[in-house]
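Asks: Data: target-v3.csv, CSV, C-alpha atoms and all ligand atoms.
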chain,number,residue,atom,x,y,z
B,1,PRO,CA,162.4,113.2,144.5
B,2,PRO,CA,162.6,116.0,141.9
B,3,LEU,CA,164.2,119.3,142.8
B,4,VAL,CA,161.7,122.1,142.4
B,5,GLY,CA,162.9,125.7,142.7
B,6,VAL,CA,160.9,128.7,143.9
B,7,LEU,CA,161.9,132.0,142.3
B,8,ALA,CA,163.0,134.0,145.4
B,9,LEU,CA,163.5,137.5,144.2
B,10,GLN,CA,160.3,138.8,145.8
B,11,GLY,CA,156.9,137.5,146.9
B,12,ASP,CA,155.6,134.7,149.1
B,13,VAL,CA,158.5,132.2,148.7
B,14,ARG,CA,158.4,130.4,152.0
B,15,GLU,CA,154.9,129.1,151.7
B,16,HIS,CA,155.7,127.5,148.4
B,17,LEU,CA,158.8,125.9,149.8
B,18,VAL,CA,156.7,124.4,152.5
B,19,ALA,CA,154.0,123.3,150.1
B,20,LEU,CA,156.4,121.7,147.7
B,21,GLU,CA,158.1,119.7,150.5
B,22,ALA,CA,154.7,118.5,151.7
B,23,ALA,CA,153.9,117.5,148.1
B,24,GLY,CA,157.0,115.2,148.0
B,25,ALA,CA,159.6,117.4,146.2
B,26,ARG,CA,162.9,118.7,147.3
B,27,ALA,CA,162.5,122.5,147.3
B,28,ALA,CA,165.1,125.3,146.9
B,29,ARG,CA,165.2,129.0,146.4
B,30,VAL,CA,166.3,130.2,143.0
B,31,ARG,CA,168.1,133.5,142.7
B,32,ARG,CA,171.0,132.9,140.3
B,33,PRO,CA,171.3,131.4,136.8
B,34,SER,CA,173.3,128.4,138.2
B,35,GLU,CA,170.4,127.6,140.6
B,36,LEU,CA,167.9,127.9,137.7
B,37,GLU,CA,170.0,125.5,135.7
B,38,ALA,CA,169.8,122.9,138.5
B,39,VAL,CA,166.1,122.6,139.0
B,40,ASP,CA,163.6,120.1,137.5
B,41,GLY,CA,160.7,122.4,137.9
B,42,LEU,CA,160.1,126.0,139.1
B,43,VAL,CA,157.4,128.0,140.9
B,44,LEU,CA,156.9,131.6,140.1
B,45,PRO,CA,155.2,132.9,143.4
B,46,GLY,CA,152.7,135.6,144.0
B,47,GLY,CA,154.0,139.1,144.7
B,48,GLU,CA,154.2,142.0,142.3
B,49,SER,CA,154.6,141.1,138.7
B,50,THR,CA,156.3,144.4,137.4
B,51,THR,CA,158.8,144.2,140.3
B,52,MET,CA,159.5,140.6,139.6
B,53,VAL,CA,160.2,141.2,135.9
B,54,ARG,CA,162.5,144.0,136.8
B,55,LEU,CA,164.4,141.8,139.3
B,56,LEU,CA,164.6,139.0,136.8
B,57,ARG,CA,166.5,141.3,134.5
B,58,THR,CA,168.7,142.7,137.2
B,59,PHE,CA,169.6,139.1,138.3
B,60,ASP,CA,170.3,138.0,134.7
B,61,LEU,CA,167.5,135.4,135.0
B,62,LEU,CA,165.0,136.6,132.4
B,63,GLU,CA,166.6,135.1,129.2
B,64,PRO,CA,167.8,131.9,130.9
B,65,LEU,CA,164.2,131.4,132.3
B,66,ARG,CA,162.7,132.0,128.8
B,67,GLY,CA,165.2,129.5,127.5
B,68,ARG,CA,164.3,126.8,130.0
B,69,ILE,CA,160.6,127.3,129.4
B,70,ARG,CA,161.2,126.9,125.7
B,71,GLY,CA,163.1,123.7,126.6
B,72,GLY,CA,160.0,122.3,128.4
B,73,LEU,CA,160.8,123.2,132.1
B,74,PRO,CA,157.6,122.6,134.2
B,75,VAL,CA,156.6,125.9,135.8
B,76,LEU,CA,153.8,126.7,138.2
B,77,GLY,CA,152.8,130.4,138.3
B,78,THR,CA,150.5,131.6,141.0
B,79,CYS,CA,148.9,135.1,140.9
B,80,ALA,CA,151.7,137.4,139.9
B,81,GLY,CA,153.4,134.2,138.7
B,82,MET,CA,150.5,133.6,136.4
B,83,ILE,CA,150.9,137.2,135.0
B,84,LEU,CA,154.6,136.4,134.4
B,85,LEU,CA,153.8,133.3,132.4
B,86,ALA,CA,151.1,135.0,130.3
B,87,ASP,CA,151.9,136.1,126.7
B,88,ARG,CA,149.5,139.1,127.0
B,89,VAL,CA,148.5,141.4,129.9
B,90,LEU,CA,145.5,143.7,130.2
B,91,ASP,CA,145.5,146.6,132.7
B,92,GLY,CA,149.2,146.1,133.1
B,93,ALA,CA,151.7,148.9,133.9
B,94,PRO,CA,152.6,150.9,130.8
B,95,GLY,CA,154.7,148.6,128.6
B,96,GLN,CA,154.6,145.8,131.2
B,97,GLN,CA,156.7,142.9,130.0
B,98,THR,CA,156.3,139.2,131.0
B,99,VAL,CA,158.4,136.1,130.8
B,100,GLY,CA,155.7,134.5,128.5
B,101,GLY,CA,155.2,131.0,127.2
B,102,LEU,CA,151.5,130.6,128.1
B,103,ASP,CA,149.1,131.5,125.3
B,104,VAL,CA,146.7,133.5,127.5
B,105,THR,CA,145.6,137.0,128.0
B,106,VAL,CA,145.4,137.9,131.7
B,107,ARG,CA,143.7,140.9,133.2
B,108,ARG,CA,145.8,142.2,136.1
B,109,ASN,CA,144.0,143.1,139.4
B,110,ALA,CA,140.8,141.8,137.7
B,111,PHE,CA,138.8,141.3,140.8
B,112,GLY,CA,140.1,144.5,142.4
B,113,ARG,CA,137.5,146.6,140.6
B,114,GLN,CA,135.0,144.9,142.8
B,115,VAL,CA,136.9,143.7,145.9
B,116,ASP,CA,140.6,143.5,146.7
B,117,SER,CA,140.9,140.0,148.1
B,118,PHE,CA,138.6,137.2,148.9
B,119,GLU,CA,138.5,133.5,149.7
B,120,GLY,CA,136.4,130.8,148.1
B,121,THR,CA,136.7,127.4,146.8
B,122,VAL,CA,137.2,126.2,143.2
B,123,GLN,CA,136.9,122.9,141.4
B,124,VAL,CA,140.2,122.1,139.7
B,125,GLN,CA,140.4,119.6,136.9
B,126,GLY,CA,142.7,116.8,138.2
B,127,VAL,CA,142.0,117.5,141.8
B,128,GLU,CA,139.2,115.7,143.6
B,129,GLY,CA,136.8,117.9,145.6
B,130,PRO,CA,136.7,121.6,146.2
B,131,VAL,CA,140.1,123.4,146.6
B,132,PRO,CA,140.3,126.4,149.0
B,133,ALA,CA,141.3,129.4,146.9
B,134,VAL,CA,142.6,132.7,148.3
B,135,PHE,CA,142.6,135.5,145.8
B,136,ILE,CA,144.7,138.6,146.6
B,137,ARG,CA,144.6,141.4,144.0
B,138,ALA,CA,144.4,138.5,141.6
B,139,PRO,CA,144.4,138.4,137.8
B,140,TRP,CA,141.9,136.3,135.8
B,141,VAL,CA,142.4,134.7,132.4
B,142,GLU,CA,140.4,136.8,130.0
B,143,GLU,CA,141.2,134.7,126.9
B,144,ALA,CA,142.9,131.3,126.5
B,145,GLY,CA,144.4,130.0,123.2
B,146,SER,CA,143.2,126.8,121.8
B,147,GLY,CA,146.1,124.8,123.2
B,148,VAL,CA,145.3,125.9,126.7
B,149,GLU,CA,143.4,123.6,129.0
B,150,VAL,CA,141.0,125.4,131.4
B,151,LEU,CA,141.3,123.8,134.8
B,152,ALA,CA,139.1,126.0,137.0
B,153,ARG,CA,136.6,128.8,136.9
B,154,VAL,CA,135.2,131.2,139.5
B,155,GLU,CA,132.0,129.9,141.0
B,156,ALA,CA,128.8,131.9,140.6
B,157,ALA,CA,128.7,133.2,144.2
B,158,ASP,CA,132.3,134.6,144.3
B,159,PRO,CA,133.4,137.0,145.6
B,160,PRO,CA,131.0,136.2,148.5
B,161,GLY,CA,128.4,138.9,149.1
B,162,ASP,CA,129.8,141.2,146.5
B,163,PRO,CA,127.4,142.8,144.0
B,164,GLY,CA,130.1,142.6,141.4
B,165,ALA,CA,130.3,138.9,141.7
B,166,GLY,CA,128.2,138.5,138.5
B,167,GLU,CA,131.1,139.9,136.5
B,168,ALA,CA,133.6,137.4,138.1
B,169,ALA,CA,131.4,134.4,137.8
B,170,GLY,CA,132.7,131.9,135.3
B,171,ARG,CA,136.1,133.6,134.9
B,172,ILE,CA,139.0,131.3,134.3
B,173,VAL,CA,141.4,131.1,137.3
B,174,ALA,CA,143.5,128.0,136.6
B,175,VAL,CA,145.0,126.8,133.3
B,176,ARG,CA,147.5,124.4,131.9
B,177,GLN,CA,149.4,124.3,128.6
B,178,GLY,CA,151.9,121.5,128.3
B,179,ALA,CA,154.4,121.9,131.2
B,180,LEU,CA,153.0,125.2,132.3
B,181,LEU,CA,150.4,125.4,135.1
B,182,ALA,CA,149.0,128.7,136.4
B,183,THR,CA,146.5,129.8,139.0
B,184,SER,CA,145.0,133.2,139.8
B,185,PHE,CA,144.7,132.2,143.4
B,186,HIS,CA,147.3,131.2,146.1
B,187,PRO,CA,147.3,127.4,146.5
B,188,GLU,CA,150.3,127.7,148.9
B,189,VAL,CA,148.2,129.5,151.5
B,190,GLY,CA,146.0,127.5,153.8
B,191,GLY,CA,147.7,124.1,154.0
B,192,ASP,CA,146.0,122.3,151.1
B,193,HIS,CA,148.8,121.0,149.0
B,194,ARG,CA,146.9,119.2,146.2
B,195,VAL,CA,147.7,121.8,143.5
B,196,HIS,CA,151.4,121.4,144.4
B,197,ARG,CA,151.0,117.7,144.3
B,198,LEU,CA,149.5,118.0,140.8
B,199,PHE,CA,152.5,120.1,139.8
B,200,VAL,CA,155.1,117.8,141.4
B,201,ALA,CA,153.4,114.9,139.5
B,202,MET,CA,153.9,117.0,136.2
B,203,VAL,CA,157.6,117.4,137.1
B,204,THR,CA,158.0,113.7,138.0
B,205,GLY,CA,156.1,112.6,134.9
B,206,ARG,CA,158.5,114.6,132.8
B,207,GLN,CA,161.5,113.1,134.5
B,208,ALA,CA,160.2,109.6,134.0
B,209,ALA,CA,159.3,110.2,130.3
B,210,PRO,CA,161.6,108.4,127.9
B,211,ALA,CA,164.0,110.7,126.0
B,212,ALA,CA,162.6,111.9,122.7
B,213,PRO,CA,164.2,110.2,119.7
B,214,ALA,CA,167.0,112.3,118.2
F,301,LIG,N1,148.4,142.3,141.6
F,301,LIG,C1,149.7,141.7,141.6
F,301,LIG,C2,150.4,141.9,140.3
F,301,LIG,O1,149.8,142.5,139.4
F,301,LIG,C3,149.5,140.2,141.9
F,301,LIG,C4,149.0,140.0,143.3
F,301,LIG,C5,149.5,138.7,143.9
F,301,LIG,O2,150.4,138.0,143.4
F,301,LIG,N2,148.9,138.4,145.0
F,301,LIG,O3,151.5,141.6,140.1
Would you write out, as structure tokens, the structure that this file holds?
Ligand code: GLN
Replies:
Amino acid sequence: PPLVGVLALQGDVREHLVALEAAGARAARVRRPSELEAVDGLVLPGGESTTMVRLLRTFDLLEPLRGRIRGGLPVLGTCAGMILLADRVLDGAPGQQTVGGLDVTVRRNAFGRQVDSFEGTVQVQGVEGPVPAVFIRAPWVEEAGSGVEVLARVEAADPPGDPGAGEAAGRIVAVRQGALLATSFHPEVGGDHRVHRLFVAMVTGRQAAPAAPA
């Protein structure tokens, strides 16, 4: 099985390790450049995006990670991880930097103006049936470039019972662009591992792909 890393500088690392193993991958924490070098795919977990970028720099991982993303490394970014993958951030900290690679504009803490956290379900392209979705001070995708596939949107009634739900309805909360997959919500929470399966299939598919002609 493929070796999938979870960036383990900050955030909810354990849950992703468990979900990846359940989805058929070998899972390992990534904290050093040599560990990043070794993985076939990588998860950027939820947590705090400004802290994570700072730690990526401190641990000399920011440029190596950008390099591997340019080289086609499959990456799943969830919540803060989605922010890290985004090329552009709204409502970020002053001068907030990202890793980048995903041609989207995300709005940070987008639902927070109405409600901090909520749980719902979303329909995700490539996954059959509703997927439980936990949103915790989550971003949404405000704009997606033409090369970005929209995989999920907020349903009309979310956040449940909130008068601000109208503003959230229809917002983009899962996207894919090539080897990059990102969700606003936390697919590692709640024991449904189908989003991780989708990601592990992306990693495996890439491994199985014939080498590009030189
Ligand atoms: N609000 C956090 C950030 O901006 C993300 C929250 C999360 O990952 N649950 O980084």
Asks: Could you please extract the residues within 12 Å of ligand LIG 301 (chain F), counting all atoms listed in the file, and hand them back as a PyMOL selection string?
Replies: chain B and resi 10-13+44-54+77-86+89-93+96-98+106-113+116-118+133-140+182-189
Asks: Between B:Glu63, B:Arg197, B:Glu21, B:Gln177, which residue has the minimum interatomic distance to B:Ser146, considering all atoms listed in the file?
Replies: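 Of all the options, B:Gln177 lies closest to B:Ser146.
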Asks: I want to know what sits within 7 Å of stretch 120-123 of chain B, based on only C-alpha atoms, with residues of the same chain fewer than 5 positions away left out; could you give that as a VMD selection string?
Replies: chain B and resid 129 to 134 152 to 155 158
Asks: Would you please work out which residue, of B:Ile172, B:Leu36, B:Leu9, B:Ala144, is nearest to B:Leu55 when using all atoms listed in the file?
Replies: B:Leu9
Asks: Expressed in Å to a single decimal, how great is the separation between atom CA of B:Gly71 and atom CA of B:Gln207?
Replies: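 Going from atom CA of B:Gly71 over to atom CA of B:Gln207 covers 13.3 Å.
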Asks: Around the point (140.9, 125.8, 135.5) (coordinates from the file), which residues reach within 7 Å if we count only C-alpha atoms? Answer as an NGL selection string.
Replies: :B and (124-125 or 150-153 or 172-175)
Asks: Please indicate the distance in Å from atom CA of B:Val43 to atom CA of B:Leu76, rounded to one decimal place.
Replies: 4.7 Å
Asks: Quick one: distance from atom CA of B:Arg57 to atom CA of B:Leu73 in Å, one decimal?
Replies: 19.1 Å
Asks: Compile the contact shell of B:Asp40 as a list of chain:residue names: residues with an atom at most 9 Å away, counting all atoms listed in the file, same-chain residues fewer than 2 positions apart removed.
Replies: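 These residues fall inside the cut-off: B:Pro2, B:Leu3, B:Val4, B:Gly5, B:Leu36, B:Glu37, B:Ala38, B:Leu42, B:Leu73, B:Pro74, B:Val203, B:Thr204, B:Arg206, B:Gln207.
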Asks: Considering all atoms listed in the file, can you say which of B:Ala179, B:Ala169, B:Val200, B:Val141 comes closest to B:Arg70?
Replies: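 The answer is B:Ala179, which sits nearest to B:Arg70.
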Asks: Which is closer to B:Leu62 than all the others in B:Leu7, B:Ala165, B:Ala22, B:Val104, using only C-alpha atoms?
Replies: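 The closest residue to B:Leu62 is B:Leu7.
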Asks: I'd like to know which of B:Leu17, B:Val30, B:Ala156, B:Val39 is closest to B:Arg68, using only C-alpha atoms.
Replies: B:Val39
Asks: Would you please work out which residue, of B:Val6, B:Val99, B:Leu198, B:Val127, is nearest to B:Val18 when using all atoms listed in the file?
Replies: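 Closest to B:Val18 of all the choices is B:Val6.
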